[in-house]
Amino acid sequence: VQAGGVQMIDLKEGYKVWTKRFGNSPIKVLLLHGGPAGTHEYMECFESFFPQANIEFYQYDQLGSYYSDQPTDSSLWTIERFVEEVEQVRVALGLDKDNFFLLGQSWGGILAMEYALKYQDNMKGLIISNMTADFPKYAAYNNKLREQLPQAIIDTLVYYESRGDYQNQRYLELMFDAFYRKHICRLEEWPEPVDRSFGHFNMDVYTYMQGPSEFVPGGILKDWTVWDRLKELTVPTLTVGAKYDSMNPEEMEEMSK
């Protein structure tokens with residue numbers, strides 16, 4: 001372990017992933033960030049409330065993300081391999097069924113559900129934040145939110161999408177102002193760690209898995225679902241949704257039941 005709680009964990013694939021421990025408590029939470037291939041940085045906010053609740057937690061950048069190794073081998077970007085990566089991280093950090101809670105947000109929620117479906121015997125609890133158990137449901141709800149945008153904005157988005165010009169500055173600005181500010185972060189001024197996290201996305205991995213844009217899910221995740229398998233989860237589970245979220249809050253509630 002390096003200074004400040006940082007631990008680089010060796011994976012069996014020959015790469016390293018970055019983790020950082022905060023606090024010292026019998027309750028231990030591993031955070032799984034969104035993306036795919038976002039970073040832990042937007043989750044720095046946990047530093048302001050978990051320690052006060054006497055919760056020990058671990059920030060962690062998944063393989064391909066900014067603080068960890070970023071190989072270019074696309075065969076690594078599968079849910080199954082990421083599940084095994086989380087298991088390797090759990091073992092390396094010494095977390096077990098008596099103390100280990102897994103909190104996954106957005107894509108991290110997909111990973112958390114898949115991990116729990118295979119390894120729930122190693123866990124004490126699961127938290128699924130801002131992620132439905134069905135990617136087509138998520139895409140449909142996102143589309144519904146998009147249809148509420150002014151027609152001129154929709155037309156402009158379609159213009160760039162039809163040309164595959166997803167990194168065009170105008171397209172990105174529209175996504176940010178019309179969608180992200182409503183459904184990702186509603187604060188007038190975005191916290192610096194959130195901006196930093198967005199600036200550090202690995203777009204190659206994101207595009208391969210999620211698709212070229214929030215509105216155009218076309219990656220390997222596009223048909224993903226574990227909706228009918230939720231009943232297999234016996235570990236205590238909390239689902240977290242929100243009124244303005246890009247995940248349907250009614251679906252989050254349905255999942256919880």
# chains A, B, ... in the order shown; residues from 1 in each chain; ligands from 1
>>> residues_around(residues="Asp73 in chain A", least_positions_apart="2", cutoff="12 Å", atoms="only C-alpha atoms", output="count of residues only")
14
>>> select_by_dssp(residues="range 27-98 of chain A", states="strand (DSSP E or B)", output="number ranges by chain")
A: 28-32, 56-61
>>> write_last_selection(atoms="N, CA and C atoms", output="PDB file, in the first residue's frame")
ATOM      1  N   LYS A  28     -17.430  -1.914   5.158  1.00  0.00           N
ATOM      2  CA  LYS A  28     -16.507  -1.588   4.063  1.00  0.00           C
ATOM      3  C   LYS A  28     -17.263  -1.583   2.731  1.00  0.00           C
ATOM      4  N   VAL A  29     -17.157  -0.472   2.007  1.00  0.00           N
ATOM      5  CA  VAL A  29     -17.890  -0.306   0.752  1.00  0.00           C
ATOM      6  C   VAL A  29     -16.900  -0.110  -0.397  1.00  0.00           C
ATOM      7  N   LEU A  30     -17.048  -0.929  -1.445  1.00  0.00           N
ATOM      8  CA  LEU A  30     -16.262  -0.748  -2.667  1.00  0.00           C
ATOM      9  C   LEU A  30     -17.145  -0.026  -3.679  1.00  0.00           C
ATOM     10  N   LEU A  31     -16.646   1.090  -4.221  1.00  0.00           N
ATOM     11  CA  LEU A  31     -17.418   1.898  -5.171  1.00  0.00           C
ATOM     12  C   LEU A  31     -17.082   1.506  -6.613  1.00  0.00           C
ATOM     13  N   LEU A  32     -18.125   1.265  -7.403  1.00  0.00           N
ATOM     14  CA  LEU A  32     -17.951   0.990  -8.834  1.00  0.00           C
ATOM     15  C   LEU A  32     -18.485   2.173  -9.629  1.00  0.00           C
ATOM     16  N   GLU A  56     -16.021   2.707   6.121  1.00  0.00           N
ATOM     17  CA  GLU A  56     -14.764   2.614   5.382  1.00  0.00           C
ATOM     18  C   GLU A  56     -15.116   2.357   3.913  1.00  0.00           C
ATOM     19  N   PHE A  57     -14.456   3.081   3.005  1.00  0.00           N
ATOM     20  CA  PHE A  57     -14.789   2.844   1.603  1.00  0.00           C
ATOM     21  C   PHE A  57     -13.561   2.917   0.715  1.00  0.00           C
ATOM     22  N   TYR A  58     -13.722   2.321  -0.463  1.00  0.00           N
ATOM     23  CA  TYR A  58     -12.624   2.210  -1.422  1.00  0.00           C
ATOM     24  C   TYR A  58     -13.019   2.820  -2.748  1.00  0.00           C
ATOM     25  N   GLN A  59     -12.276   3.847  -3.162  1.00  0.00           N
ATOM     26  CA  GLN A  59     -12.375   4.346  -4.530  1.00  0.00           C
ATOM     27  C   GLN A  59     -11.581   3.381  -5.414  1.00  0.00           C
ATOM     28  N   TYR A  60     -11.997   3.285  -6.674  1.00  0.00           N
ATOM     29  CA  TYR A  60     -11.392   2.260  -7.548  1.00  0.00           C
ATOM     30  C   TYR A  60     -11.642   2.663  -8.992  1.00  0.00           C
ATOM     31  N   ASP A  61     -10.567   2.712  -9.780  1.00  0.00           N
ATOM     32  CA  ASP A  61     -10.691   2.928 -11.223  1.00  0.00           C
ATOM     33  C   ASP A  61     -10.577   1.578 -11.914  1.00  0.00           C
TER      34      ASP A  61
END
>>> atom_distance(atom1="CA of Leu149 in chain A", atom2="CA of Gly219 in chain A")
24.3 Å
>>> closest_residue(among="A:Phe201, A:Trp107, A:Tyr244, A:Trp227", to="Tyr180 in chain A", atoms="only C-alpha atoms")
A:Tyr244
>>> residues_around(residues="Glu192 in chain A", least_positions_apart="6", cutoff="12 Å", atoms="only C-alpha atoms", output="mmCIF file with N, CA, C and O atoms, in the first residue's frame")
data_model
loop_
_atom_site.group_PDB
_atom_site.id
_atom_site.type_symbol
_atom_site.label_atom_id
_atom_site.label_comp_id
_atom_site.auth_asym_id
_atom_site.auth_seq_id
_atom_site.Cartn_x
_atom_site.Cartn_y
_atom_site.Cartn_z
ATOM 1 N N GLU A 41 -13.438 9.749 -9.956
ATOM 2 C CA GLU A 41 -13.298 11.137 -9.487
ATOM 3 C C GLU A 41 -14.624 11.789 -9.094
ATOM 4 O O GLU A 41 -14.695 12.502 -8.090
ATOM 5 N N TYR A 42 -15.695 11.549 -9.890
ATOM 6 C CA TYR A 42 -16.969 12.178 -9.538
ATOM 7 C C TYR A 42 -17.532 11.604 -8.240
ATOM 8 O O TYR A 42 -18.426 12.184 -7.638
ATOM 9 N N MET A 43 -17.001 10.478 -7.787
ATOM 10 C CA MET A 43 -17.437 9.869 -6.533
ATOM 11 C C MET A 43 -16.625 10.358 -5.329
ATOM 12 O O MET A 43 -16.808 9.878 -4.212
ATOM 13 N N GLU A 44 -15.751 11.339 -5.557
ATOM 14 C CA GLU A 44 -15.006 11.926 -4.433
ATOM 15 C C GLU A 44 -15.951 12.537 -3.401
ATOM 16 O O GLU A 44 -15.580 12.723 -2.245
ATOM 17 N N CYS A 45 -17.191 12.838 -3.829
ATOM 18 C CA CYS A 45 -18.164 13.398 -2.893
ATOM 19 C C CYS A 45 -18.409 12.473 -1.694
ATOM 20 O O CYS A 45 -18.763 12.939 -0.602
ATOM 21 N N PHE A 198 -15.404 13.689 -16.244
ATOM 22 C CA PHE A 198 -15.851 13.721 -17.642
ATOM 23 C C PHE A 198 -14.669 13.932 -18.590
ATOM 24 O O PHE A 198 -14.636 13.374 -19.687
ATOM 25 N N GLY A 199 -13.693 14.729 -18.155
ATOM 26 C CA GLY A 199 -12.519 14.998 -18.992
ATOM 27 C C GLY A 199 -11.591 13.803 -19.137
ATOM 28 O O GLY A 199 -10.760 13.765 -20.030
#
>>> residues_around(residues="Asp134 in chain A", least_positions_apart="2", cutoff="7 Å", atoms="only C-alpha atoms", output="PDB file with C-alpha atoms, in the first residue's frame")
ATOM      1  CA  THR A 132     -32.079  -0.300 -14.335  1.00  0.00           C
ATOM      2  CA  PRO A 136     -33.319  -1.751 -23.642  1.00  0.00           C
ATOM      3  CA  LYS A 137     -35.580  -0.304 -20.875  1.00  0.00           C
ATOM      4  CA  TYR A 138     -32.926   2.334 -20.184  1.00  0.00           C
ATOM      5  CA  TRP A 224     -28.054  -6.605 -21.805  1.00  0.00           C
ATOM      6  CA  THR A 225     -30.678  -7.578 -19.228  1.00  0.00           C
ATOM      7  CA  VAL A 226     -30.830  -9.357 -15.872  1.00  0.00           C
ATOM      8  CA  TRP A 227     -34.377  -8.171 -15.142  1.00  0.00           C
TER       9      TRP A 227
END
>>> atom_distance(atom1="CA of Gln167 in chain A", atom2="CA of Met203 in chain A")
10.1 Å
>>> residues_around(residues="Cys185 in chain A", least_positions_apart="5", cutoff="12 Å", atoms="only C-alpha atoms", output="list in words")
Tyr42, Phe176, Asp177, Ala178, Phe179, Tyr180, Trp190, Pro191, Val194, Asp195, Phe198, Ala242, Tyr244, Asp245 and Ser246 of chain A
>>> residues_around(residues="Val240 in chain A", least_positions_apart="2", cutoff="7 Å", atoms="only C-alpha atoms", output="count of residues only")
5
>>> closest_residue(among="A:Thr207, A:Ser213, A:Ser106, A:Thr239", to="Leu157 in chain A", atoms="only C-alpha atoms")
A:Ser213
>>> closest_residue(among="A:Ala133, A:Phe101, A:Trp18, A:Asn248", to="Met113 in chain A", atoms="only C-alpha atoms")
A:Ala133
>>> residues_around(residues="Gln148 in chain A", least_positions_apart="5", cutoff="12 Å", atoms="only C-alpha atoms", output="list of chain:residue names")
A:Tyr141, A:Asn142, A:Asn143, A:Ile153, A:Ile154, A:Ala178, A:Phe179, A:Lys182
